[in-house]
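*Asks:* See input_29.txt below, with compact mmCIF, C-alpha atoms and all ligand atoms.
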# COMPACT_ATOMS: atom_id res chain seq x y z
CA MET A 1 135.03 193.53 49.04
CA ASP A 2 137.90 191.51 47.68
CA PHE A 3 141.17 191.99 49.55
CA LYS A 4 143.05 189.32 47.64
CA LYS A 5 146.00 190.37 45.50
CA THR A 6 145.78 189.37 41.85
CA GLU A 7 148.21 186.82 40.43
CA GLU A 8 149.99 189.64 38.55
CA GLN A 9 150.37 191.66 41.75
CA GLU A 10 151.75 188.63 43.61
CA LEU A 11 154.24 187.98 40.80
CA LEU A 12 155.31 191.61 40.70
CA LEU A 13 155.92 191.71 44.44
CA GLU A 14 157.79 188.40 44.39
CA SER A 15 160.13 189.60 41.68
CA LEU A 16 160.67 192.81 43.67
CA ARG A 17 161.60 190.70 46.71
CA GLU A 18 164.03 188.75 44.54
CA VAL A 19 165.82 191.95 43.45
CA VAL A 20 165.94 193.32 46.99
CA ARG A 21 167.19 190.00 48.42
CA ARG A 22 170.18 190.19 46.07
CA TYR A 23 170.93 193.89 45.79
CA GLY A 24 169.24 195.64 48.70
CA THR A 25 170.61 193.72 51.64
CA GLU A 26 170.50 195.30 55.07
CA GLU A 27 174.31 195.40 55.11
CA TYR A 28 174.42 197.34 51.85
CA ILE A 29 171.67 199.78 52.78
CA ARG A 30 173.32 200.47 56.12
CA GLU A 31 176.63 201.14 54.39
CA CYS A 32 174.98 203.58 51.95
CA ASP A 33 173.15 205.31 54.79
CA GLU A 34 176.37 205.70 56.78
CA LYS A 35 178.21 207.07 53.76
CA GLY A 36 175.30 209.30 52.75
CA GLU A 37 175.23 207.72 49.29
CA SER A 38 172.37 206.61 47.13
CA PRO A 39 172.18 202.76 46.83
CA ARG A 40 173.39 202.66 43.25
CA LYS A 41 173.72 198.87 42.98
CA LEU A 42 170.10 198.49 44.05
CA ASN A 43 168.93 201.28 41.77
CA GLU A 44 170.71 199.64 38.85
CA ALA A 45 169.04 196.30 39.56
CA LEU A 46 165.62 197.93 39.90
CA HIS A 47 166.18 199.76 36.65
CA GLU A 48 167.28 196.54 34.89
CA ALA A 49 164.13 194.84 36.12
CA GLY A 50 162.02 197.79 34.95
CA PHE A 51 160.67 198.70 38.39
CA ASP A 52 161.59 202.35 38.03
CA MET A 53 159.25 202.54 35.05
CA LEU A 54 156.30 200.98 36.86
CA GLY A 55 153.21 203.10 36.31
CA VAL A 56 154.75 204.90 33.31
CA PRO A 57 152.88 204.55 29.96
CA GLU A 58 154.28 202.03 27.47
CA GLU A 59 155.03 204.64 24.82
CA TYR A 60 157.69 206.05 27.15
CA GLY A 61 159.19 202.63 27.84
CA GLY A 62 157.23 202.00 31.01
CA THR A 63 154.95 199.32 32.43
CA PRO A 64 151.52 200.78 33.09
CA CYS A 65 149.70 199.72 36.24
CA ASP A 66 146.83 200.99 38.35
CA THR A 67 147.31 203.16 41.42
CA LEU A 68 146.53 200.28 43.77
CA THR A 69 149.34 198.16 42.33
CA LEU A 70 151.70 201.13 42.52
CA MET A 71 150.84 201.52 46.22
CA MET A 72 151.38 197.80 46.86
CA TYR A 73 154.78 198.13 45.22
CA HIS A 74 155.81 201.07 47.44
CA GLU A 75 154.43 199.40 50.55
CA GLU A 76 156.33 196.19 49.87
CA PHE A 77 159.52 197.99 48.97
CA ALA A 78 159.48 199.92 52.23
CA ARG A 79 158.67 196.74 54.15
CA ILE A 80 161.56 194.70 52.79
CA CYS A 81 164.10 197.44 52.24
CA SER A 82 164.15 200.46 54.47
CA GLY A 83 166.16 202.29 51.85
CA ALA A 84 162.97 202.55 49.83
CA TYR A 85 162.73 206.29 50.14
CA ALA A 86 166.04 206.59 48.32
CA CYS A 87 164.41 205.07 45.26
CA GLU A 88 161.86 207.59 44.18
CA CYS A 89 158.56 207.16 42.41
CA THR A 90 159.42 207.96 38.81
CA ALA A 91 155.80 207.30 37.78
CA LEU A 92 154.81 210.42 39.68
CA ALA A 93 157.43 212.61 38.06
CA MET A 94 156.59 211.24 34.64
CA ALA A 95 152.85 211.72 35.19
CA ASP A 96 153.41 215.42 35.77
CA MET A 97 155.57 215.88 32.73
CA ILE A 98 153.42 213.75 30.42
CA LYS A 99 150.47 215.93 31.33
CA PHE A 100 152.12 219.34 31.19
CA GLY A 101 155.58 219.04 29.67
CA SER A 102 156.75 219.31 26.08
CA GLU A 103 157.98 216.26 24.15
CA LYS A 104 161.55 217.42 24.73
CA GLN A 105 160.99 217.75 28.48
CA ILE A 106 159.41 214.29 28.65
CA GLN A 107 162.35 212.87 26.73
CA ASP A 108 164.74 214.59 29.16
CA CYS A 109 163.02 212.66 31.96
CA VAL A 110 163.25 209.33 30.14
CA ASP A 111 166.94 209.98 29.38
CA ALA A 112 167.58 210.78 33.05
CA ILE A 113 165.88 207.57 34.20
CA ASN A 114 168.01 205.58 31.75
CA GLU A 115 171.11 207.25 33.19
CA LEU A 116 169.94 206.22 36.68
CA LYS A 117 169.26 209.84 37.52
CA THR A 118 166.18 211.46 38.97
CA PRO A 119 163.79 212.65 36.21
CA PHE A 120 163.89 216.12 37.81
CA CYS A 121 164.04 217.69 41.23
CA LEU A 122 161.04 219.71 42.37
CA GLY A 123 161.94 223.29 43.26
CA PHE A 124 159.00 224.58 45.22
CA THR A 125 159.84 225.28 48.88
CA GLU A 126 161.64 228.51 49.79
CA PRO A 127 163.12 229.66 53.10
CA GLN A 128 160.06 231.88 53.81
CA ALA A 129 157.48 229.72 52.02
CA GLY A 130 156.93 226.10 53.04
CA SER A 131 153.37 225.22 54.01
CA ASP A 132 152.27 228.55 52.58
CA SER A 133 153.66 227.70 49.18
CA SER A 134 151.86 230.67 47.62
CA GLY A 135 154.36 232.86 49.51
CA ILE A 136 157.27 232.01 47.20
CA SER A 137 159.26 234.89 45.78
CA THR A 138 161.36 233.30 43.04
CA THR A 139 160.63 235.36 39.94
CA PHE A 140 161.02 235.19 36.20
CA THR A 141 161.63 238.23 34.04
CA ARG A 142 161.92 238.62 30.28
CA LYS A 143 164.66 240.51 28.48
CA ASN A 144 165.73 240.43 24.81
CA GLY A 145 163.85 237.22 24.08
CA LYS A 146 165.31 235.39 27.09
CA VAL A 147 163.87 234.51 30.50
CA TYR A 148 165.77 235.09 33.76
CA ILE A 149 165.05 233.24 37.02
CA ASN A 150 166.05 234.71 40.38
CA GLY A 151 165.40 233.37 43.86
CA ARG A 152 166.25 230.92 46.61
CA LYS A 153 164.86 227.45 47.21
CA THR A 154 165.35 225.15 50.15
CA PHE A 155 165.16 221.43 50.96
CA ILE A 156 165.29 220.58 47.27
CA SER A 157 165.88 216.84 47.27
CA ARG A 158 167.99 214.90 44.77
CA ILE A 159 169.17 218.09 43.09
CA ASP A 160 172.67 216.62 42.89
CA ASN A 161 171.30 213.67 40.92
CA ALA A 162 169.07 215.65 38.56
CA ASN A 163 169.68 217.16 35.14
CA TYR A 164 166.71 219.52 35.54
CA MET A 165 164.69 221.29 38.19
CA LEU A 166 160.96 221.81 37.81
CA CYS A 167 161.12 225.30 39.26
CA MET A 168 158.08 227.16 40.58
CA THR A 169 158.13 230.93 40.08
CA LYS A 170 155.72 233.72 40.92
CA ASP A 171 154.74 236.93 39.23
CA PRO A 172 153.85 239.14 42.20
CA SER A 173 151.94 241.59 39.99
CA ALA A 174 149.56 238.92 38.58
CA PRO A 175 146.30 237.82 40.24
CA LYS A 176 146.79 234.73 42.44
CA ASP A 177 145.22 232.29 39.97
CA LYS A 178 147.58 233.43 37.22
CA ALA A 179 150.73 234.14 39.23
CA PHE A 180 152.56 230.81 39.24
CA THR A 181 154.60 229.44 36.37
CA THR A 182 156.85 226.37 36.22
CA TRP A 183 160.15 226.31 34.34
CA TRP A 184 162.48 223.57 33.18
CA VAL A 185 165.81 224.69 34.59
CA PRO A 186 168.97 222.81 33.50
CA MET A 187 171.08 222.16 36.55
CA ASN A 188 174.29 223.02 34.69
CA ALA A 189 173.09 226.54 33.81
CA PRO A 190 175.33 229.37 35.02
CA GLY A 191 173.94 231.08 38.15
CA ILE A 192 172.84 227.93 40.02
CA SER A 193 174.56 226.97 43.25
CA TYR A 194 173.49 224.62 46.02
CA LYS A 195 174.65 223.01 49.23
CA PRO A 196 173.23 220.06 51.20
CA ILE A 197 171.37 220.58 54.47
CA PRO A 198 172.52 218.17 57.20
CA LYS A 199 169.50 216.07 58.27
CA VAL A 200 168.34 213.73 61.06
CA GLY A 201 167.61 210.95 58.58
CA TRP A 202 167.13 210.40 54.85
CA HIS A 203 170.90 210.35 54.50
CA MET A 204 170.87 208.57 51.14
CA VAL A 205 169.10 211.55 49.58
CA HIS A 206 170.61 215.01 49.70
CA SER A 207 168.23 217.91 50.25
CA CYS A 208 169.77 221.24 49.38
CA GLU A 209 169.57 225.00 49.68
CA VAL A 210 169.63 226.45 46.19
CA THR A 211 170.37 229.89 44.80
CA LEU A 212 169.21 230.87 41.33
CA ASP A 213 171.04 233.99 40.28
CA ASN A 214 169.92 235.37 36.91
CA VAL A 215 169.61 231.88 35.43
CA GLU A 216 169.01 232.36 31.70
CA LEU A 217 166.35 230.25 29.96
CA ASP A 218 164.54 230.21 26.63
CA GLU A 219 160.79 230.71 26.27
CA SER A 220 160.56 227.04 25.29
CA ASP A 221 161.72 226.10 28.80
CA ILE A 222 158.32 226.93 30.23
CA VAL A 223 156.48 223.85 31.58
CA GLY A 224 152.81 223.91 30.65
CA VAL A 225 150.91 227.16 30.41
CA GLU A 226 152.10 230.44 31.90
CA GLY A 227 150.27 231.25 35.13
CA LYS A 228 149.02 227.68 35.68
CA GLY A 229 152.07 226.14 37.38
CA PHE A 230 150.49 225.84 40.82
CA VAL A 231 147.37 223.97 39.67
CA ASN A 232 149.48 221.60 37.57
CA VAL A 233 151.80 220.60 40.39
CA MET A 234 148.94 220.32 42.92
CA LYS A 235 147.23 217.39 41.19
CA ASN A 236 150.34 215.28 41.52
CA PHE A 237 150.58 216.09 45.23
CA GLU A 238 147.54 213.89 45.92
CA ILE A 239 149.26 210.83 44.50
CA GLU A 240 152.56 211.81 46.14
CA ARG A 241 150.70 211.79 49.46
CA LEU A 242 149.45 208.30 48.78
CA VAL A 243 152.94 207.11 47.83
CA MET A 244 154.30 208.57 51.08
CA SER A 245 151.47 206.87 52.98
CA ALA A 246 152.24 203.52 51.34
CA THR A 247 155.90 203.96 52.26
CA ALA A 248 154.95 204.83 55.85
CA LEU A 249 152.78 201.70 55.92
CA GLY A 250 155.64 199.52 54.64
CA GLU A 251 158.11 200.94 57.17
CA ALA A 252 155.64 200.41 60.00
CA THR A 253 155.11 196.82 58.90
CA MET A 254 158.84 196.20 58.83
CA ALA A 255 159.24 197.69 62.31
CA PHE A 256 156.35 195.60 63.61
CA GLU A 257 157.70 192.37 62.11
CA ASP A 258 161.16 192.97 63.57
CA ALA A 259 159.69 193.81 66.98
CA VAL A 260 157.25 190.92 67.22
CA VAL A 261 159.99 188.42 66.35
CA TYR A 262 162.29 189.97 68.95
CA ALA A 263 159.52 189.92 71.57
CA GLY A 264 159.26 186.15 71.10
CA GLN A 265 163.02 185.67 71.53
CA ARG A 266 164.22 188.16 74.12
CA GLU A 267 163.91 186.81 77.66
CA GLN A 268 163.70 188.81 80.86
CA PHE A 269 162.51 187.63 84.27
CA GLY A 270 162.84 184.08 82.88
CA ARG A 271 160.24 184.55 80.11
CA PRO A 272 160.09 185.96 76.57
CA ILE A 273 159.12 189.63 76.84
CA GLY A 274 156.27 188.83 74.39
CA ASP A 275 154.58 187.03 77.31
CA PHE A 276 154.12 190.31 79.18
CA GLN A 277 150.78 191.97 78.60
CA LEU A 278 152.31 195.44 78.38
CA ILE A 279 154.34 194.26 75.39
CA GLN A 280 151.34 192.43 73.91
CA GLU A 281 149.27 195.59 74.21
CA LYS A 282 151.86 197.44 72.14
CA LEU A 283 151.93 194.68 69.54
CA VAL A 284 148.15 194.61 69.23
CA ASP A 285 147.93 198.39 68.88
CA MET A 286 150.74 198.36 66.33
CA ALA A 287 149.07 195.64 64.25
CA THR A 288 145.71 197.45 64.42
CA LYS A 289 147.26 200.70 63.21
CA ILE A 290 148.93 198.86 60.33
CA GLU A 291 145.59 197.37 59.27
CA ASN A 292 143.99 200.83 59.43
CA MET A 293 146.80 202.34 57.37
CA ARG A 294 146.48 199.63 54.75
CA GLY A 295 142.72 200.13 54.57
CA LEU A 296 143.15 203.86 53.97
CA VAL A 297 145.93 203.52 51.41
CA TYR A 298 144.17 200.81 49.40
CA LYS A 299 140.80 202.54 49.48
CA SER A 300 142.31 205.86 48.36
CA ALA A 301 144.10 204.07 45.53
CA TRP A 302 140.89 202.31 44.56
CA MET A 303 139.07 205.66 44.50
CA GLU A 304 141.74 207.17 42.28
CA ASP A 305 141.51 204.17 39.93
CA ASN A 306 137.75 204.54 39.75
CA GLY A 307 137.77 208.24 39.00
CA ILE A 308 136.48 209.29 42.44
CA PRO A 309 138.03 212.58 43.66
CA VAL A 310 140.72 211.72 46.16
CA ASN A 311 141.84 215.10 47.45
CA THR A 312 140.24 214.88 50.90
CA MET A 313 140.89 211.17 51.30
CA ALA A 314 144.56 211.52 50.30
CA ALA A 315 145.03 214.24 52.94
CA MET A 316 143.31 212.12 55.62
CA THR A 317 145.33 209.08 54.59
CA LYS A 318 148.62 210.91 54.71
CA ARG A 319 147.92 212.46 58.08
CA TYR A 320 146.81 209.18 59.59
CA CYS A 321 149.62 207.12 58.09
CA ALA A 322 152.34 209.60 59.05
CA ARG A 323 151.23 209.66 62.68
CA ALA A 324 150.29 206.00 63.06
CA SER A 325 153.42 204.83 61.30
CA PHE A 326 155.71 206.84 63.57
CA GLU A 327 153.83 205.54 66.63
CA VAL A 328 154.35 201.98 65.42
CA VAL A 329 158.04 202.52 64.66
CA ASN A 330 158.52 204.24 68.01
CA ASP A 331 156.82 201.37 69.87
CA ALA A 332 158.98 198.89 67.95
CA MET A 333 162.07 200.71 69.18
CA GLN A 334 160.67 200.54 72.73
CA ILE A 335 160.24 196.78 72.44
CA PHE A 336 163.90 196.45 71.46
CA GLY A 337 164.96 198.42 74.53
CA GLY A 338 168.58 199.62 74.54
CA ILE A 339 169.65 197.77 71.42
CA GLY A 340 166.85 199.49 69.49
CA TYR A 341 168.49 202.83 70.20
CA SER A 342 171.89 201.59 68.99
CA SER A 343 172.72 201.81 65.32
CA ASP A 344 173.28 198.04 65.22
CA LEU A 345 169.66 197.44 64.24
CA ARG A 346 167.76 198.83 61.28
CA ILE A 347 164.94 200.01 63.54
CA SER A 348 167.04 203.05 64.50
CA ARG A 349 167.44 203.99 60.83
CA VAL A 350 163.76 203.45 60.10
CA TRP A 351 162.91 205.59 63.16
CA ARG A 352 165.08 208.46 61.83
CA ASN A 353 163.77 208.17 58.28
CA ASN A 354 160.13 207.65 59.11
CA ARG A 355 159.80 210.99 60.89
CA ILE A 356 159.80 212.81 57.55
CA CYS A 357 156.35 211.41 56.70
CA GLY A 358 154.66 214.02 58.89
CA ILE A 359 156.61 216.90 57.31
CA GLY A 360 157.48 216.28 53.65
CA GLY A 361 154.81 216.45 50.94
CA GLY A 362 152.69 218.65 53.22
CA THR A 363 152.75 218.57 57.01
CA GLU A 364 150.25 216.78 59.28
CA GLU A 365 148.73 220.16 60.12
CA ILE A 366 148.34 221.13 56.47
CA MET A 367 146.55 217.82 55.86
CA VAL A 368 143.98 218.99 58.43
CA HIS A 369 143.80 222.30 56.62
CA ILE A 370 142.99 220.51 53.34
CA ALA A 371 140.65 217.77 54.61
CA GLY A 372 138.98 219.89 57.31
CA ARG A 373 137.77 222.62 54.96
CA SER A 374 136.53 220.05 52.51
CA LEU A 375 134.61 218.02 55.12
CA VAL A 376 132.87 221.11 56.47
CA LYS A 377 131.91 222.13 52.93
CA GLN A 378 130.70 218.63 52.08
CA TYR A 379 128.34 218.57 55.06
CA LYS A 380 127.14 222.15 54.78
CA ASN A 381 123.60 221.26 53.71
CA PHE A 382 123.55 217.76 55.14
CA GLN A 383 120.14 216.53 56.31
CA PRO A 384 120.32 213.61 58.75
CA LEU A 385 117.61 211.00 58.23
C1 LIG A 401 163.76 215.83 53.95
C2 LIG A 401 162.92 216.85 53.22
C3 LIG A 401 162.84 216.80 51.84
C4 LIG A 401 162.11 217.78 51.15
N1 LIG A 401 162.14 217.79 49.78
C5 LIG A 401 161.58 218.81 49.10
C6 LIG A 401 161.70 218.92 47.67
O1 LIG A 401 162.31 218.08 47.02
N2 LIG A 401 161.16 220.00 47.05
C7 LIG A 401 160.48 220.96 47.73
O2 LIG A 401 159.99 221.90 47.09
N3 LIG A 401 160.33 220.90 49.09
C8 LIG A 401 160.88 219.85 49.79
N4 LIG A 401 160.76 219.78 51.15
C9 LIG A 401 160.08 220.85 51.87
C10 LIG A 401 158.77 220.43 52.52
O3 LIG A 401 157.76 220.31 51.56
C11 LIG A 401 158.46 221.47 53.60
O4 LIG A 401 159.41 221.30 54.64
C12 LIG A 401 157.06 221.36 54.16
O5 LIG A 401 156.09 221.69 53.20
C13 LIG A 401 156.84 222.26 55.39
O6 LIG A 401 157.28 223.57 55.16
P1 LIG A 401 158.29 224.27 56.20
O7 LIG A 401 159.41 223.33 56.45
O8 LIG A 401 158.63 225.61 55.68
O9 LIG A 401 157.48 224.40 57.54
P2 LIG A 401 156.46 225.60 57.90
O10 LIG A 401 155.49 225.79 56.81
O11 LIG A 401 157.24 226.77 58.37
O12 LIG A 401 155.69 224.96 59.13
C14 LIG A 401 156.20 224.94 60.47
C15 LIG A 401 155.10 224.33 61.35
O13 LIG A 401 153.95 225.19 61.31
C16 LIG A 401 152.83 224.43 60.92
N5 LIG A 401 151.90 225.24 60.14
C17 LIG A 401 152.15 226.01 59.06
N6 LIG A 401 151.04 226.58 58.61
C18 LIG A 401 150.03 226.17 59.42
C19 LIG A 401 148.61 226.39 59.46
N7 LIG A 401 147.99 227.14 58.56
N8 LIG A 401 147.90 225.78 60.44
C20 LIG A 401 148.51 224.99 61.37
N9 LIG A 401 149.83 224.74 61.37
C21 LIG A 401 150.59 225.32 60.40
C22 LIG A 401 153.39 223.29 60.07
O14 LIG A 401 152.49 222.22 59.95
C23 LIG A 401 154.64 222.95 60.85
O15 LIG A 401 154.31 222.14 61.93
C24 LIG A 401 161.44 218.79 51.87
C25 LIG A 401 161.49 218.80 53.27
C26 LIG A 401 162.23 217.86 53.95
C27 LIG A 401 162.32 217.94 55.45
Mind turning the file's structure into structure tokens?
*Replies:*
Amino acid sequence: MDFKKTEEQELLLESLREVVRRYGTEEYIRECDEKGESPRKLNEALHEAGFDMLGVPEEYGGTPCDTLTLMMYHEEFARICSGAYACECTALAMADMIKFGSEKQIQDCVDAINELKTPFCLGFTEPQAGSDSSGISTTFTRKNGKVYINGRKTFISRIDNANYMLCMTKDPSAPKDKAFTTWWVPMNAPGISYKPIPKVGWHMVHSCEVTLDNVELDESDIVGVEGKGFVNVMKNFEIERLVMSATALGEATMAFEDAVVYAGQREQFGRPIGDFQLIQEKLVDMATKIENMRGLVYKSAWMEDNGIPVNTMAAMTKRYCARASFEVVNDAMQIFGGIGYSSDLRISRVWRNNRICGIGGGTEEIMVHIAGRSLVKQYKNFQPL
């Protein structure tokens, strides 16, 4: 096993650090977080340097890379700049659209990226349908050659920075495997209204409640094949889970690094607190969890790059990383004591933001649901030696 980064990966990460050093300073990120604004200056610099097109095929103006490199990028970004979550993974959005969207829809995404906007917001979750996403009730109906969308969505992130929503709808009369269809909904269409949901963290991204009231579309606004929307979006969820895991890993690493430095400096009872075994125990457990997280993220990425199905592994990775990462960040806050709980230090922001990892993109419990069923099935006829 070779754990060494390639020269290209080292160069990529160094140039990312260079951009973040100049445009993603802690002072700036804190200011954006306090104001609830996206870090535009940083996004501009990342765009200029082409990072927002990392993992996107060349024909769409991107820089292709393997999944492992994409994960290293997200890990490093979260480690050096805890505003990482505010800068989304455009490669993921583009991958979906390149696979299922029309040329016009793909071009809409490229145009949005060039305008420093989100390629699209994903309109899946509804007030009554979160984990049970098959319980959505947003519908589409046809009348006089037009399509009409009606329903309510919730927690739709970045809607205020998107030109389009990839909107999941359901035909309640169709069999389950043909019931879900995705639509390309322009955000300026009459009948759409939304308002932000106040949140514990993730202040630089607005997540909104959305109403779609008789929103008129054309037939050409369908994304992919009618009835296949669910399957299409599901494939991307695996990679989204890995991106979230890599981000959780990067945030945990940042929290650990801040805490271990502090433990060497802060003195109590006449000694650095890092001399106390109870603090050392925390640091060792934190470092071990980080190594475990990295092992899972990199192996999952390697599997994806080598064409090995990653569904179960991605669910296990996300569950582990979400939990372990929050434990690490929480322990880091503990090591800082009172000042860790103040908003003077970035650990408090990371602590607020990191909590989402166990909820967004599928909860910890749903990861058990996915991986558990699959493991039992895999070992159904297992014969031990
Ligand atoms: C900040 C943020 C951003 C988001 N952005 C988006 C977005 O852009 N687009 C979008 O479509 N959605 C988005 N979401 C929604 C997110 O995907 C859902 O919140 C998530 O899937 C969980 O759904 P829920 O909130 O309805 O919780 P519920 O499904 O109601 O779950 C509540 C609890 O019950 C547990 N539970 C549910 N079913 C089971 C089961 N079978 N077994 C055991 N436990 C179970 C859950 O794990 C959870 O602990 C976002 C959410 C947040 C918080």
*Asks:* May I have the residues within 12 Å of A:Leu278 as a PyMOL selection string, using all atoms listed in the file and disregarding those fewer than 3 positions away in the same chain?
*Replies:* chain A and resi 263+273-275+281-285+331+334-335
*Asks:* Please, which residues in chain A fall within 10 Å of ligand LIG 401 (chain A) when counting all atoms listed in the file, and what is the closest atom pair and distance in Å to one decimal for each, ordered by chain then residue number, as JSON lines?
*Replies:*
{"residue": "A:Phe120", "atom": "CA", "partner": "A:LIG401", "partner_atom": "O1", "distance": 9.5}
{"residue": "A:Cys121", "atom": "CA", "partner": "A:LIG401", "partner_atom": "O1", "distance": 6.1}
{"residue": "A:Leu122", "atom": "CA", "partner": "A:LIG401", "partner_atom": "N2", "distance": 4.7}
{"residue": "A:Gly123", "atom": "CA", "partner": "A:LIG401", "partner_atom": "O2", "distance": 4.5}
{"residue": "A:Phe124", "atom": "CA", "partner": "A:LIG401", "partner_atom": "O2", "distance": 3.4}
{"residue": "A:Thr125", "atom": "CA", "partner": "A:LIG401", "partner_atom": "O2", "distance": 3.8}
{"residue": "A:Glu126", "atom": "CA", "partner": "A:LIG401", "partner_atom": "O8", "distance": 7.2}
{"residue": "A:Pro127", "atom": "CA", "partner": "A:LIG401", "partner_atom": "O8", "distance": 6.6}
{"residue": "A:Gln128", "atom": "CA", "partner": "A:LIG401", "partner_atom": "O8", "distance": 6.7}
{"residue": "A:Ala129", "atom": "CA", "partner": "A:LIG401", "partner_atom": "O8", "distance": 5.6}
{"residue": "A:Gly130", "atom": "CA", "partner": "A:LIG401", "partner_atom": "O8", "distance": 3.2}
{"residue": "A:Ser131", "atom": "CA", "partner": "A:LIG401", "partner_atom": "O10", "distance": 3.6}
{"residue": "A:Asp132", "atom": "CA", "partner": "A:LIG401", "partner_atom": "O10", "distance": 6.0}
{"residue": "A:Ser133", "atom": "CA", "partner": "A:LIG401", "partner_atom": "O5", "distance": 7.6}
{"residue": "A:Lys153", "atom": "CA", "partner": "A:LIG401", "partner_atom": "O2", "distance": 7.4}
{"residue": "A:Thr154", "atom": "CA", "partner": "A:LIG401", "partner_atom": "N3", "distance": 6.7}
{"residue": "A:Phe155", "atom": "CA", "partner": "A:LIG401", "partner_atom": "C24", "distance": 4.7}
{"residue": "A:Ile156", "atom": "CA", "partner": "A:LIG401", "partner_atom": "O1", "distance": 3.9}
{"residue": "A:Ser157", "atom": "CA", "partner": "A:LIG401", "partner_atom": "O1", "distance": 3.8}
{"residue": "A:Arg158", "atom": "CA", "partner": "A:LIG401", "partner_atom": "O1", "distance": 6.9}
{"residue": "A:Ile159", "atom": "CA", "partner": "A:LIG401", "partner_atom": "O1", "distance": 7.9}
{"residue": "A:Met165", "atom": "CA", "partner": "A:LIG401", "partner_atom": "N2", "distance": 9.6}
{"residue": "A:Leu166", "atom": "CA", "partner": "A:LIG401", "partner_atom": "O2", "distance": 9.3}
{"residue": "A:Cys167", "atom": "CA", "partner": "A:LIG401", "partner_atom": "O2", "distance": 8.6}
{"residue": "A:Met168", "atom": "CA", "partner": "A:LIG401", "partner_atom": "O2", "distance": 8.6}
{"residue": "A:Ile197", "atom": "CA", "partner": "A:LIG401", "partner_atom": "C1", "distance": 9.0}
{"residue": "A:Pro198", "atom": "CA", "partner": "A:LIG401", "partner_atom": "C1", "distance": 9.6}
{"residue": "A:Lys199", "atom": "CA", "partner": "A:LIG401", "partner_atom": "C1", "distance": 7.2}
{"residue": "A:Val200", "atom": "CA", "partner": "A:LIG401", "partner_atom": "C1", "distance": 8.7}
{"residue": "A:Gly201", "atom": "CA", "partner": "A:LIG401", "partner_atom": "C1", "distance": 7.8}
{"residue": "A:Trp202", "atom": "CA", "partner": "A:LIG401", "partner_atom": "C1", "distance": 6.5}
{"residue": "A:His203", "atom": "CA", "partner": "A:LIG401", "partner_atom": "C1", "distance": 9.0}
{"residue": "A:Val205", "atom": "CA", "partner": "A:LIG401", "partner_atom": "C1", "distance": 8.1}
{"residue": "A:His206", "atom": "CA", "partner": "A:LIG401", "partner_atom": "C1", "distance": 8.1}
{"residue": "A:Ser207", "atom": "CA", "partner": "A:LIG401", "partner_atom": "C3", "distance": 5.7}
{"residue": "A:Cys208", "atom": "CA", "partner": "A:LIG401", "partner_atom": "N1", "distance": 8.4}
{"residue": "A:Asn353", "atom": "CA", "partner": "A:LIG401", "partner_atom": "C1", "distance": 8.8}
{"residue": "A:Arg355", "atom": "CA", "partner": "A:LIG401", "partner_atom": "C27", "distance": 9.2}
{"residue": "A:Ile356", "atom": "CA", "partner": "A:LIG401", "partner_atom": "C27", "distance": 6.1}
{"residue": "A:Cys357", "atom": "CA", "partner": "A:LIG401", "partner_atom": "C27", "distance": 8.9}
{"residue": "A:Gly358", "atom": "CA", "partner": "A:LIG401", "partner_atom": "O14", "distance": 8.5}
{"residue": "A:Ile359", "atom": "CA", "partner": "A:LIG401", "partner_atom": "C12", "distance": 5.5}
{"residue": "A:Gly360", "atom": "CA", "partner": "A:LIG401", "partner_atom": "C10", "distance": 4.5}
{"residue": "A:Gly361", "atom": "CA", "partner": "A:LIG401", "partner_atom": "O3", "distance": 4.9}
{"residue": "A:Gly362", "atom": "CA", "partner": "A:LIG401", "partner_atom": "O5", "distance": 4.6}
{"residue": "A:Thr363", "atom": "CA", "partner": "A:LIG401", "partner_atom": "O14", "distance": 4.7}
{"residue": "A:Glu364", "atom": "CA", "partner": "A:LIG401", "partner_atom": "O14", "distance": 5.9}
{"residue": "A:Glu365", "atom": "CA", "partner": "A:LIG401", "partner_atom": "O14", "distance": 4.3}
{"residue": "A:Ile366", "atom": "CA", "partner": "A:LIG401", "partner_atom": "O14", "distance": 5.5}
{"residue": "A:Met367", "atom": "CA", "partner": "A:LIG401", "partner_atom": "O14", "distance": 8.4}
{"residue": "A:Val368", "atom": "CA", "partner": "A:LIG401", "partner_atom": "C20", "distance": 8.1}
{"residue": "A:His369", "atom": "CA", "partner": "A:LIG401", "partner_atom": "N8", "distance": 6.6}
{"residue": "A:Ile370", "atom": "CA", "partner": "A:LIG401", "partner_atom": "N7", "distance": 9.8}
*Asks:* Which residue, A:Ser173, A:Thr69, A:Asn43, A:Ser343, has the smallest gap to A:Glu115 when you use all atoms listed in the file?
*Replies:*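 For A:Glu115, the nearest of the given residues is A:Asn43.
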*Asks:* Quick one, how far is atom CA of A:Val376 from atom CA of A:Lys178?
*Replies:*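 Between atom CA of A:Val376 and atom CA of A:Lys178 the gap is 27.2 Å.
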*Asks:* Counting all atoms listed in the file, which of A:Arg142, A:His47, A:Lys377, A:Lys176 gets nearest to A:Ile113?
*Replies:* A:His47
*Asks:* Determine, counting all atoms listed in the file, which protein, DNA and RNA residues have an atom within 7 Å of an atom of stretch 106-109 of chain A; residues of the same chain fewer than 3 positions away are not included. Present the result as a list of chain:residue names.
*Replies:*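 After dropping sequence-adjacent residues, the list is A:Met97, A:Ile98, A:Gly101, A:Ser102, A:Glu103, A:Ala112, A:Ile113, A:Pro119, A:Phe120.
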*Asks:* Quick one, how far is atom CA of A:Asp66 from atom CA of A:Ala301?
*Replies:*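 Between atom CA of A:Asp66 and atom CA of A:Ala301 the gap is 8.3 Å.
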